[in-house]
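Shown next: coords.cif, given as mmCIF, C-alpha atoms.
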```cif
data_target
loop_
_atom_site.group_PDB
_atom_site.id
_atom_site.type_symbol
_atom_site.label_atom_id
_atom_site.label_comp_id
_atom_site.auth_asym_id
_atom_site.auth_seq_id
_atom_site.Cartn_x
_atom_site.Cartn_y
_atom_site.Cartn_z
ATOM 1 C CA MET A 1 -102.824 76.460 -135.966
ATOM 2 C CA ASN A 2 -101.557 78.745 -138.659
ATOM 3 C CA ILE A 3 -104.950 80.535 -138.855
ATOM 4 C CA LEU A 4 -104.986 81.181 -135.056
ATOM 5 C CA ALA A 5 -101.409 82.337 -135.151
ATOM 6 C CA ASN A 6 -102.198 84.751 -137.962
ATOM 7 C CA HIS A 7 -105.178 86.287 -136.030
ATOM 8 C CA LYS A 8 -103.630 86.292 -132.530
ATOM 9 C CA PRO A 9 -102.775 90.062 -132.504
ATOM 10 C CA LEU A 10 -106.375 90.897 -133.539
ATOM 11 C CA ALA A 11 -107.811 88.705 -130.759
ATOM 12 C CA ILE A 12 -105.607 90.393 -128.154
ATOM 13 C CA ALA A 13 -106.724 93.829 -129.367
ATOM 14 C CA LEU A 14 -110.406 92.862 -129.159
ATOM 15 C CA LEU A 15 -109.913 91.489 -125.653
ATOM 16 C CA ALA A 16 -108.188 94.689 -124.473
ATOM 17 C CA THR A 17 -110.971 96.804 -125.958
ATOM 18 C CA SER A 18 -113.607 94.727 -124.186
ATOM 19 C CA ILE A 19 -111.822 95.097 -120.838
ATOM 20 C CA GLY A 20 -111.578 98.853 -121.339
ATOM 21 C CA LEU A 21 -115.292 99.119 -122.088
ATOM 22 C CA LEU A 22 -116.121 97.140 -118.966
ATOM 23 C CA ASP A 23 -113.889 99.397 -116.857
ATOM 24 C CA ASN A 24 -115.539 102.517 -118.247
ATOM 25 C CA LEU A 25 -118.996 101.064 -117.574
ATOM 26 C CA ALA A 26 -118.053 100.217 -113.993
ATOM 27 C CA SER A 27 -116.585 103.697 -113.537
ATOM 28 C CA ALA A 28 -119.765 105.310 -114.856
ATOM 29 C CA GLN A 29 -121.877 103.197 -112.509
ATOM 30 C CA SER A 30 -119.595 104.157 -109.617
ATOM 31 C CA ASP A 31 -119.909 107.868 -110.442
ATOM 32 C CA ASN A 32 -123.713 107.583 -110.172
ATOM 33 C CA SER A 33 -123.685 105.670 -106.893
ATOM 34 C CA PRO A 34 -124.266 107.375 -103.515
ATOM 35 C CA ILE A 35 -121.157 107.785 -101.407
ATOM 36 C CA PRO A 36 -121.824 106.622 -97.834
ATOM 37 C CA VAL A 37 -120.780 108.812 -94.891
ATOM 38 C CA ARG A 38 -119.933 106.464 -92.082
ATOM 39 C CA ASP A 39 -120.440 106.969 -88.314
ATOM 40 C CA SER A 40 -122.985 109.718 -88.973
ATOM 41 C CA LEU A 41 -124.316 111.381 -85.839
ATOM 42 C CA VAL A 42 -126.652 114.289 -85.106
ATOM 43 C CA GLU A 43 -124.864 117.134 -83.306
ATOM 44 C CA ALA A 44 -125.752 120.639 -82.166
ATOM 45 C CA ILE A 45 -124.405 123.552 -84.195
ATOM 46 C CA ASP A 46 -124.464 125.858 -81.156
ATOM 47 C CA ASP A 47 -124.046 124.420 -77.665
ATOM 48 C CA ILE A 48 -122.542 126.684 -75.011
ATOM 49 C CA LYS A 49 -122.356 127.228 -71.283
ATOM 50 C CA ILE A 50 -123.220 130.831 -70.422
ATOM 51 C CA SER A 51 -121.164 131.956 -67.442
ATOM 52 C CA ALA A 52 -121.244 134.848 -65.000
ATOM 53 C CA GLY A 53 -119.207 137.855 -66.091
ATOM 54 C CA ALA A 54 -118.647 139.247 -62.581
ATOM 55 C CA ASP A 55 -118.707 138.307 -58.908
ATOM 56 C CA GLY A 56 -121.904 138.811 -56.932
ATOM 57 C CA ILE A 57 -125.325 137.513 -55.956
ATOM 58 C CA LEU A 58 -127.228 135.875 -58.808
ATOM 59 C CA PHE A 59 -130.723 137.109 -59.627
ATOM 60 C CA LEU A 60 -132.917 135.084 -61.994
ATOM 61 C CA ASP A 61 -136.525 134.007 -62.358
ATOM 62 C CA ASN A 62 -136.522 130.342 -61.401
ATOM 63 C CA GLN A 63 -139.712 129.767 -63.406
ATOM 64 C CA ASP A 64 -138.582 131.480 -66.610
ATOM 65 C CA VAL A 65 -135.088 130.016 -66.468
ATOM 66 C CA GLU A 66 -136.006 126.357 -66.303
ATOM 67 C CA GLU A 67 -134.507 123.419 -68.121
ATOM 68 C CA GLY A 68 -136.401 122.879 -71.363
ATOM 69 C CA LYS A 69 -137.493 126.510 -71.693
ATOM 70 C CA LEU A 70 -136.945 128.345 -74.977
ATOM 71 C CA VAL A 71 -134.813 131.502 -74.900
ATOM 72 C CA GLN A 72 -134.362 134.131 -77.589
ATOM 73 C CA ALA A 73 -131.107 135.693 -78.718
ATOM 74 C CA GLY A 74 -130.391 138.885 -76.790
ATOM 75 C CA LYS A 75 -132.751 138.092 -73.914
ATOM 76 C CA VAL A 76 -131.376 138.795 -70.418
ATOM 77 C CA ILE A 77 -131.974 135.559 -68.531
ATOM 78 C CA ALA A 78 -130.188 136.499 -65.280
ATOM 79 C CA MET A 79 -128.325 139.313 -63.532
ATOM 80 C CA ILE A 80 -125.436 139.562 -61.118
ATOM 81 C CA ASP A 81 -126.405 142.055 -58.360
ATOM 82 C CA PRO A 82 -126.264 145.346 -60.331
ATOM 83 C CA GLU A 83 -127.051 147.931 -57.617
ATOM 84 C CA GLN A 84 -123.499 149.109 -56.973
ATOM 85 C CA ALA A 85 -122.806 149.207 -60.705
ATOM 86 C CA LYS A 86 -125.949 151.295 -61.287
ATOM 87 C CA LEU A 87 -125.001 153.800 -58.562
ATOM 88 C CA ASN A 88 -121.516 154.052 -60.025
ATOM 89 C CA LEU A 89 -123.064 154.789 -63.430
ATOM 90 C CA VAL A 90 -125.124 157.645 -61.923
ATOM 91 C CA LEU A 91 -121.925 159.082 -60.412
ATOM 92 C CA LYS A 92 -119.999 158.798 -63.675
ATOM 93 C CA GLU A 93 -122.825 160.411 -65.639
ATOM 94 C CA ALA A 94 -122.811 163.382 -63.226
ATOM 95 C CA GLU A 95 -119.028 163.706 -63.490
ATOM 96 C CA GLU A 96 -119.256 163.569 -67.268
ATOM 97 C CA GLN A 97 -121.906 166.314 -67.283
ATOM 98 C CA GLN A 98 -119.744 168.484 -65.038
ATOM 99 C CA ALA A 99 -116.723 167.933 -67.277
ATOM 100 C CA ARG A 100 -118.798 168.730 -70.377
ATOM 101 C CA LEU A 101 -119.909 172.072 -68.918
ATOM 102 C CA GLN A 102 -116.329 172.965 -68.105
ATOM 103 C CA ALA A 103 -115.116 171.934 -71.554
ATOM 104 C CA GLU A 104 -117.767 174.080 -73.262
ATOM 105 C CA ASN A 105 -117.180 177.090 -70.997
ATOM 106 C CA ASP A 106 -115.031 179.727 -72.729
ATOM 107 C CA VAL A 107 -115.743 182.545 -70.235
ATOM 108 C CA ASN A 108 -112.149 182.611 -69.007
ATOM 109 C CA ILE A 109 -110.854 183.016 -72.564
ATOM 110 C CA ARG A 110 -113.271 185.856 -73.339
ATOM 111 C CA ALA A 111 -112.492 187.544 -70.027
ATOM 112 C CA ALA A 112 -108.763 187.316 -70.709
ATOM 113 C CA GLU A 113 -109.258 188.791 -74.179
ATOM 114 C CA LYS A 114 -111.241 191.724 -72.781
ATOM 115 C CA SER A 115 -108.624 192.214 -70.097
ATOM 116 C CA MET A 116 -105.924 192.325 -72.773
ATOM 117 C CA GLU A 117 -107.823 195.024 -74.659
ATOM 118 C CA TYR A 118 -108.024 197.098 -71.501
ATOM 119 C CA GLU A 119 -104.360 196.532 -70.595
ATOM 120 C CA TRP A 120 -103.152 197.564 -74.064
ATOM 121 C CA ALA A 121 -105.325 200.648 -73.975
ATOM 122 C CA GLU A 122 -103.706 201.528 -70.651
ATOM 123 C CA ALA A 123 -100.257 200.840 -72.102
ATOM 124 C CA LYS A 124 -100.856 203.097 -75.136
ATOM 125 C CA SER A 125 -102.174 205.832 -72.867
ATOM 126 C CA ALA A 126 -99.077 205.491 -70.680
ATOM 127 C CA GLU A 127 -96.826 205.748 -73.736
ATOM 128 C CA GLU A 128 -98.607 208.962 -74.825
ATOM 129 C CA LEU A 129 -98.231 210.415 -71.354
ATOM 130 C CA HIS A 130 -94.573 209.459 -71.308
ATOM 131 C CA LYS A 131 -94.019 211.207 -74.650
ATOM 132 C CA LYS A 132 -95.538 214.328 -73.102
ATOM 133 C CA GLN A 133 -93.276 213.800 -70.091
ATOM 134 C CA ALA A 134 -96.393 213.427 -67.917
ATOM 135 C CA MET A 135 -95.434 209.908 -66.726
ATOM 136 C CA PRO A 136 -92.088 208.486 -65.636
ATOM 137 C CA TYR A 137 -90.448 205.949 -67.914
ATOM 138 C CA TRP A 138 -90.646 203.049 -65.490
ATOM 139 C CA ASP A 139 -94.305 203.654 -64.781
ATOM 140 C CA MET A 140 -94.911 203.551 -68.538
ATOM 141 C CA ARG A 141 -92.887 200.324 -68.872
ATOM 142 C CA ARG A 142 -94.878 198.711 -66.081
ATOM 143 C CA GLU A 143 -98.107 199.381 -67.985
ATOM 144 C CA VAL A 144 -96.633 197.900 -71.188
ATOM 145 C CA LEU A 145 -95.434 194.779 -69.339
ATOM 146 C CA GLU A 146 -98.887 194.335 -67.820
ATOM 147 C CA ALA A 147 -100.357 194.461 -71.324
ATOM 148 C CA GLU A 148 -97.886 191.864 -72.588
ATOM 149 C CA ARG A 149 -98.618 189.659 -69.602
ATOM 150 C CA SER A 150 -102.312 189.749 -70.534
ATOM 151 C CA LYS A 151 -101.398 187.781 -73.680
ATOM 152 C CA LEU A 152 -100.071 184.996 -71.465
ATOM 153 C CA ALA A 153 -103.334 185.068 -69.539
ATOM 154 C CA ILE A 154 -105.185 184.276 -72.769
ATOM 155 C CA GLU A 155 -102.819 181.395 -73.545
ATOM 156 C CA MET A 156 -103.324 180.045 -70.020
ATOM 157 C CA ALA A 157 -107.125 180.259 -70.362
ATOM 158 C CA LYS A 158 -106.981 178.391 -73.684
ATOM 159 C CA ASN A 159 -104.718 175.745 -72.175
ATOM 160 C CA GLU A 160 -107.116 175.288 -69.268
ATOM 161 C CA GLN A 161 -109.972 174.765 -71.705
ATOM 162 C CA GLN A 162 -107.939 172.123 -73.589
ATOM 163 C CA VAL A 163 -107.379 170.349 -70.276
ATOM 164 C CA ALA A 164 -111.125 170.592 -69.620
ATOM 165 C CA VAL A 165 -111.840 169.012 -73.031
ATOM 166 C CA ALA A 166 -109.422 166.165 -72.286
ATOM 167 C CA THR A 167 -111.010 165.694 -68.855
ATOM 168 C CA PHE A 168 -114.432 165.513 -70.524
ATOM 169 C CA ALA A 169 -113.164 162.775 -72.856
ATOM 170 C CA ALA A 170 -111.783 160.846 -69.861
ATOM 171 C CA LYS A 171 -115.068 161.165 -67.965
ATOM 172 C CA THR A 172 -116.963 159.973 -71.038
ATOM 173 C CA ALA A 173 -114.741 156.878 -71.139
ATOM 174 C CA GLU A 174 -115.377 156.298 -67.420
ATOM 175 C CA ARG A 175 -119.131 156.542 -68.030
ATOM 176 C CA ARG A 176 -118.879 153.989 -70.843
ATOM 177 C CA LEU A 177 -116.909 151.676 -68.573
ATOM 178 C CA ALA A 178 -119.671 151.985 -65.963
ATOM 179 C CA GLU A 179 -122.248 151.065 -68.621
ATOM 180 C CA HIS A 180 -120.098 148.113 -69.658
ATOM 181 C CA GLU A 181 -119.927 146.957 -66.042
ATOM 182 C CA ILE A 182 -123.726 146.788 -65.934
ATOM 183 C CA LYS A 183 -123.822 144.847 -69.211
ATOM 184 C CA ARG A 184 -121.122 142.536 -67.871
ATOM 185 C CA ARG A 185 -123.476 141.654 -65.040
ATOM 186 C CA GLN A 186 -126.238 140.729 -67.472
ATOM 187 C CA ILE A 187 -126.362 137.075 -68.502
ATOM 188 C CA THR A 188 -127.716 137.103 -72.049
ATOM 189 C CA ALA A 189 -128.606 134.374 -74.536
ATOM 190 C CA THR A 190 -126.438 134.696 -77.628
ATOM 191 C CA PHE A 191 -128.738 132.669 -79.912
ATOM 192 C CA ASP A 192 -132.231 131.158 -80.001
ATOM 193 C CA GLY A 193 -132.151 127.868 -78.161
ATOM 194 C CA ILE A 194 -133.324 125.682 -75.304
ATOM 195 C CA ILE A 195 -132.000 125.703 -71.756
ATOM 196 C CA ALA A 196 -130.525 122.209 -71.564
ATOM 197 C CA ARG A 197 -129.261 122.607 -67.999
ATOM 198 C CA ARG A 198 -129.274 125.167 -65.186
ATOM 199 C CA TYR A 199 -126.270 125.116 -62.878
ATOM 200 C CA ALA A 200 -127.125 127.876 -60.368
ATOM 201 C CA LYS A 201 -130.142 129.213 -58.500
ATOM 202 C CA SER A 202 -131.310 132.716 -57.659
ATOM 203 C CA GLY A 203 -129.688 134.103 -54.528
ATOM 204 C CA GLU A 204 -126.463 132.143 -54.854
ATOM 205 C CA TRP A 205 -123.103 133.898 -54.747
ATOM 206 C CA VAL A 206 -121.250 133.284 -58.002
ATOM 207 C CA GLN A 207 -117.839 134.241 -59.291
ATOM 208 C CA ALA A 208 -116.867 135.411 -62.748
ATOM 209 C CA GLY A 209 -116.649 132.346 -64.972
ATOM 210 C CA THR A 210 -119.169 130.289 -62.983
ATOM 211 C CA PRO A 211 -121.497 128.439 -65.425
ATOM 212 C CA ILE A 212 -125.120 129.548 -65.035
ATOM 213 C CA VAL A 213 -126.979 127.744 -67.833
ATOM 214 C CA ARG A 214 -126.264 125.563 -70.834
ATOM 215 C CA VAL A 215 -128.129 126.650 -73.979
ATOM 216 C CA VAL A 216 -128.408 124.441 -77.075
ATOM 217 C CA ARG A 217 -129.685 125.520 -80.468
ATOM 218 C CA ILE A 218 -132.152 122.940 -81.672
ATOM 219 C CA ASP A 219 -134.097 124.511 -84.555
ATOM 220 C CA GLU A 220 -131.118 123.916 -86.858
ATOM 221 C CA ILE A 221 -128.763 121.018 -86.237
ATOM 222 C CA LYS A 222 -126.086 119.179 -88.176
ATOM 223 C CA VAL A 223 -125.300 115.612 -89.144
ATOM 224 C CA GLU A 224 -121.604 114.833 -89.069
ATOM 225 C CA GLY A 225 -119.568 111.834 -90.168
ATOM 226 C CA ASP A 226 -116.529 110.541 -92.055
ATOM 227 C CA VAL A 227 -116.291 109.804 -95.765
ATOM 228 C CA LYS A 228 -113.634 107.953 -97.743
ATOM 229 C CA GLY A 229 -111.669 110.722 -99.389
ATOM 230 C CA LEU A 230 -109.834 108.968 -102.208
ATOM 231 C CA ASP A 231 -112.684 107.129 -103.942
ATOM 232 C CA ALA A 232 -114.355 110.143 -105.591
ATOM 233 C CA PRO A 233 -112.702 113.318 -104.250
ATOM 234 C CA GLU A 234 -114.303 115.483 -106.945
ATOM 235 C CA ARG A 235 -117.731 114.786 -105.392
ATOM 236 C CA ILE A 236 -116.738 115.430 -101.773
ATOM 237 C CA VAL A 237 -117.031 119.202 -101.886
ATOM 238 C CA MET A 238 -119.025 121.848 -100.045
ATOM 239 C CA GLY A 239 -122.420 122.229 -101.633
ATOM 240 C CA ALA A 240 -122.655 118.578 -102.699
ATOM 241 C CA PRO A 241 -126.205 117.198 -102.279
ATOM 242 C CA VAL A 242 -126.733 114.753 -99.441
ATOM 243 C CA ALA A 243 -129.587 112.518 -98.310
ATOM 244 C CA ILE A 244 -129.975 112.019 -94.571
ATOM 245 C CA ARG A 245 -132.009 109.506 -92.597
ATOM 246 C CA VAL A 246 -132.273 109.947 -88.814
ATOM 247 C CA HIS A 247 -133.372 107.265 -86.395
ATOM 248 C CA VAL A 248 -135.770 109.167 -84.109
ATOM 249 C CA GLY A 249 -136.807 106.195 -81.962
ATOM 250 C CA GLY A 250 -138.375 102.780 -82.205
ATOM 251 C CA ASN A 251 -138.748 101.736 -85.822
ATOM 252 C CA ARG A 252 -139.190 105.280 -87.089
ATOM 253 C CA TYR A 253 -136.764 107.030 -89.416
ATOM 254 C CA VAL A 254 -137.095 110.557 -90.806
ATOM 255 C CA ASP A 255 -135.569 111.649 -94.121
ATOM 256 C CA PHE A 256 -133.983 115.025 -94.893
ATOM 257 C CA GLU A 257 -132.323 116.550 -97.949
ATOM 258 C CA SER A 258 -129.452 118.979 -97.564
ATOM 259 C CA ARG A 259 -126.009 119.920 -98.848
ATOM 260 C CA LEU A 260 -122.560 119.621 -97.382
ATOM 261 C CA GLU A 261 -121.775 122.733 -95.341
ATOM 262 C CA TYR A 262 -118.272 121.657 -94.380
ATOM 263 C CA VAL A 263 -115.534 119.390 -95.693
ATOM 264 C CA SER A 264 -112.424 119.098 -93.563
ATOM 265 C CA PRO A 265 -109.236 120.179 -95.338
ATOM 266 C CA ILE A 266 -107.385 117.387 -93.520
ATOM 267 C CA LEU A 267 -107.276 113.813 -94.794
ATOM 268 C CA GLU A 268 -107.106 111.597 -91.720
ATOM 269 C CA SER A 269 -104.835 108.586 -91.327
ATOM 270 C CA ASP A 270 -107.687 106.248 -92.341
ATOM 271 C CA ASN A 271 -108.094 108.197 -95.630
ATOM 272 C CA THR A 272 -111.330 109.898 -94.545
ATOM 273 C CA TYR A 273 -112.560 113.486 -94.431
ATOM 274 C CA ARG A 274 -114.839 114.814 -91.716
ATOM 275 C CA VAL A 275 -117.965 116.358 -93.261
ATOM 276 C CA TRP A 276 -121.254 117.753 -92.013
ATOM 277 C CA ALA A 277 -124.539 119.118 -93.313
ATOM 278 C CA LYS A 278 -127.247 121.249 -91.698
ATOM 279 C CA ILE A 279 -130.851 120.157 -91.376
ATOM 280 C CA VAL A 280 -133.885 122.158 -90.299
ATOM 281 C CA ASN A 281 -135.485 120.389 -87.366
ATOM 282 C CA ARG A 282 -139.170 119.510 -87.292
ATOM 283 C CA VAL A 283 -141.676 120.018 -84.487
ATOM 284 C CA GLU A 284 -144.167 117.300 -83.576
ATOM 285 C CA GLY A 285 -146.400 117.247 -80.523
ATOM 286 C CA GLY A 286 -144.874 120.444 -79.147
ATOM 287 C CA ARG A 287 -141.301 119.156 -79.230
ATOM 288 C CA TYR A 288 -138.476 118.963 -81.708
ATOM 289 C CA LEU A 289 -138.304 115.649 -83.503
ATOM 290 C CA VAL A 290 -134.518 115.338 -83.868
ATOM 291 C CA SER A 291 -132.101 115.695 -80.970
ATOM 292 C CA PRO A 292 -128.303 115.854 -80.809
ATOM 293 C CA GLY A 293 -126.863 112.420 -80.171
ATOM 294 C CA MET A 294 -129.239 110.515 -82.457
ATOM 295 C CA GLN A 295 -127.816 108.033 -84.949
ATOM 296 C CA ALA A 296 -128.126 108.887 -88.634
ATOM 297 C CA GLU A 297 -127.310 107.685 -92.128
ATOM 298 C CA MET A 298 -125.924 110.135 -94.659
ATOM 299 C CA GLN A 299 -125.029 109.689 -98.326
ATOM 300 C CA ILE A 300 -123.464 112.063 -100.815
ATOM 301 C CA MET A 301 -125.724 111.901 -103.835
ATOM 302 C CA PRO A 302 -125.096 112.533 -107.535
ATOM 303 C CA PRO A 303 -126.236 116.034 -108.548
ATOM 304 C CA SER A 304 -129.267 114.627 -110.357
ATOM 305 C CA ASN A 305 -130.531 112.501 -107.464
ATOM 306 C CA VAL A 306 -130.958 113.566 -103.830
ATOM 307 C CA SER A 307 -133.177 110.833 -102.372
ATOM 308 C CA LEU A 308 -132.189 107.836 -100.248
ATOM 309 C CA ASN A 309 -132.108 104.436 -101.915
#
```
Whole structure given in C-alpha cells:
Amino acid sequence: MNILANHKPLAIALLATSIGLLDNLASAQSDNSPIPVRDSLVEAIDDIKISAGADGILFLDNQDVEEGKLVQAGKVIAMIDPEQAKLNLVLKEAEEQQARLQAENDVNIRAAEKSMEYEWAEAKSAEELHKKQAMPYWDMRREVLEAERSKLAIEMAKNEQQVAVATFAAKTAERRLAEHEIKRRQITATFDGIIARRYAKSGEWVQAGTPIVRVVRIDEIKVEGDVKGLDAPERIVMGAPVAIRVHVGGNRYVDFESRLEYVSPILESDNTYRVWAKIVNRVEGGRYLVSPGMQAEMQIMPPSNVSLN
C-alpha cells in the first residue's frame, strides 16, 4: 500500500497524458474525415420567366420556340407587334435630322454680322456728314442707333442657334427612346438555356409583364445543401473541395468533383450553413444527364483528397 501511495501522482499523470494523446488522435482523424452536406439537391443556377415588356400582339415562331429547344443568350425569341414603334422611330429620326441641320446652320449669325458691318459703315458715314453739316443731327443719331441695334440682332441669332442645339439634343433623346421602345418589344434570352415551358402562342394579345417562356440554364447547375457549421468551421469556406454523387435514375449514380462556390453567412437555428457548388453537366444520348430536382450526396473533402468514399 505504501508503494502505490508513493507512485499515485505519477500514475495519474500517465493516465492524463494517455487521454490527451487519444483526444489528439481522434481530432486528427476527424480533421481528415469528409464532412457530409445533408439534404443535397440539384438546382438550376439560372431559372427565369421571360415576360412581355409591352402590350400588343405576340409574334413568335411556334416551331423554334418549343419546349425543350435550346436558346442562346441575346437571341430574340419573340416580338410584341413592332410596326407602330418602327414608324415612330422613322418619324423621330427625321425630326432629329431636321433639328441637326438647324443646329449646324449659322447663316443667321453670319448674316447678322454682315448687316452690322454695313450698319456701322452707314453710321460712320452719317457722323462724317453731320460734322460737315450735311446731315441733321437726328438723322445721324438714327443711323447710329440702327448700327447699335444690329449688335442685338447678332445676339438674337446666336441665342436662336443655342435653342436649335438644345432642340437637337431633345430630338436625339426622343430618337433613342423610340429605339428603346422597339427593344422593349423584343423578347430576348438573357443566357444560354432550354425552354422549359411556353406560356403564350403567336397571335395572342399580351400585356406588359405577361410570362412568355420559362428558360432554364442546364449546362452548368449547382448542388445545394446544409452542413453542420460548428464541427469544423475552418473547413467550411468558399473554395473548399467537395465530392458530389448524383442519383440520375435507377441504380445509376454519377460522380463530380468541384469546390464550394457559396457559404451562407448566416448560421441557422439548427446550427447549419447553406452551401452550394457548381458542376458542369454532361450530355449523353443527346440530352443532359443531370436535371434540377435530382437527389445528390455532397461531402466537403480534406484538401488532399477529393474523391467519394
Next item on the list: Can you give me, as a PyMOL selection string, the residues this file yields under the PyMOL selection byres ((chain A and resi 296) around 6)?
Entry: chain A and resi 40-41+245-247+295+297
Next item on the list: For the structure provided, state which residues fall under the PyMOL selection byres ((chain A and resi 183) around 10), and present them as a VMD selection string.
Entry: chain A and resid 53 76 79 to 80 82 85 177 to 182 184 to 188
Could you save those same residues with C-alpha atoms as a CSV table (one decimal), in the frame of the given file?
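Written output follows (again-v2.csv):
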```
chain,number,residue,atom,x,y,z
A,53,GLY,CA,-119.2,137.9,-66.1
A,76,VAL,CA,-131.4,138.8,-70.4
A,79,MET,CA,-128.3,139.3,-63.5
A,80,ILE,CA,-125.4,139.6,-61.1
A,82,PRO,CA,-126.3,145.3,-60.3
A,85,ALA,CA,-122.8,149.2,-60.7
A,177,LEU,CA,-116.9,151.7,-68.6
A,178,ALA,CA,-119.7,152.0,-66.0
A,179,GLU,CA,-122.2,151.1,-68.6
A,180,HIS,CA,-120.1,148.1,-69.7
A,181,GLU,CA,-119.9,147.0,-66.0
A,182,ILE,CA,-123.7,146.8,-65.9
A,184,ARG,CA,-121.1,142.5,-67.9
A,185,ARG,CA,-123.5,141.7,-65.0
A,186,GLN,CA,-126.2,140.7,-67.5
A,187,ILE,CA,-126.4,137.1,-68.5
A,188,THR,CA,-127.7,137.1,-72.0
```
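Across the model, the gap from CA of Asn108 (chain A) to CA of Asn159 (chain A) is 10.6 Å.
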Item checked: Hits of the PyMOL selection byres ((chain A and resi 189) around 6) in this structure, as an MDAnalysis selection string -> chainID A and resid 73:75 188 190:191
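Taking all atoms listed in the file into account, Ala208 (chain A) lies nearest to A:Gly56 out of the set A:Ile48, A:Arg38, A:Lys114, A:Gly56.
Within 12 Å of Ala121 (chain A), once all atoms listed in the file are used and residues closer than 3 positions along the same chain are dropped, the contacting residues are Lys114, Ser115, Met116, Glu117, Tyr118, Lys124, Ser125, Ala126, Glu127, Glu128, Glu143, Val144, Glu146, Ala147, Glu148 and Ser150 of chain A.
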Box time for region 157-162 of chain A: axis-aligned, enclosing all its listed atoms, 3 Å extra on each side; report centre and edge lengths in Å to one decimal, as AutoDock Vina command-line options.
```
--center_x -107.3 --center_y 176.2 --center_z -71.5 --size_x 11.3 --size_y 14.1 --size_z 10.4
```
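Taking only C-alpha atoms into account, Gln102 (chain A) lies nearest to A:Ala157 out of the set A:Ala240, A:Ile300, A:Ala157, A:Leu60.
Atom pair CA of Leu87 (chain A) / CA of Glu174 (chain A): separated by 13.3 Å.
Take the candidates A:Ala153, A:Asp106, A:Val71, A:Ala196 and check each one against Glu119 (chain A) using only C-alpha atoms; the shortest distance goes to A:Ala153.
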Item checked: Distance query Glu220 (chain A) at most 8 Å, only C-alpha atoms, self and fewer than 4 positions along chain excluded, as JSON, numbers by chain -> {"A": [44, 45, 278, 279, 280, 281]}
Next, dump the selected residues to file, keeping only C-alpha atoms, as a compact mmCIF listing (two decimals), keeping the file's coordinate frame.
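Writing the result to out23.txt gives the following:
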```txt
# COMPACT_ATOMS: atom_id res chain seq x y z
CA ALA A 44 -125.75 120.64 -82.17
CA ILE A 45 -124.40 123.55 -84.20
CA LYS A 278 -127.25 121.25 -91.70
CA ILE A 279 -130.85 120.16 -91.38
CA VAL A 280 -133.88 122.16 -90.30
CA ASN A 281 -135.49 120.39 -87.37
```
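As for CA of Asp55 (chain A) and CA of Arg214 (chain A), they are spaced 19.0 Å apart.
Considering the residues A:Gln299, A:Gln98, A:Thr272, A:Gln207 and counting all atoms listed in the file, Arg259 (chain A) has its shortest atom-to-atom contact with A:Gln299.
Between Arg142 (chain A) and the residues A:Gln72, A:Glu122, A:Pro265, A:Glu204, the shortest atom-to-atom distance, using only C-alpha atoms, involves A:Glu122.
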Margin query: Please list as number ranges by chain every residue within 12 Å of Glu268 (chain A), counting all atoms listed in the file and excluding residues in the same chain fewer than 2 positions away.
Written below: A: 226-230, 264-266, 270-275
Write out the residues from the selection above, keeping C-alpha atoms, as a PDB file, in the frame of the given file.
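Just written: result-v1.pdb:
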```
ATOM      1  CA  ASP A 226    -116.529 110.541 -92.055  1.00  0.00           C
ATOM      2  CA  VAL A 227    -116.291 109.804 -95.765  1.00  0.00           C
ATOM      3  CA  LYS A 228    -113.634 107.953 -97.743  1.00  0.00           C
ATOM      4  CA  GLY A 229    -111.669 110.722 -99.389  1.00  0.00           C
ATOM      5  CA  LEU A 230    -109.834 108.968-102.208  1.00  0.00           C
ATOM      6  CA  SER A 264    -112.424 119.098 -93.563  1.00  0.00           C
ATOM      7  CA  PRO A 265    -109.236 120.179 -95.338  1.00  0.00           C
ATOM      8  CA  ILE A 266    -107.385 117.387 -93.520  1.00  0.00           C
ATOM      9  CA  ASP A 270    -107.687 106.248 -92.341  1.00  0.00           C
ATOM     10  CA  ASN A 271    -108.094 108.197 -95.630  1.00  0.00           C
ATOM     11  CA  THR A 272    -111.330 109.898 -94.545  1.00  0.00           C
ATOM     12  CA  TYR A 273    -112.560 113.486 -94.431  1.00  0.00           C
ATOM     13  CA  ARG A 274    -114.839 114.814 -91.716  1.00  0.00           C
ATOM     14  CA  VAL A 275    -117.965 116.358 -93.261  1.00  0.00           C
TER      15      VAL A 275
END
```
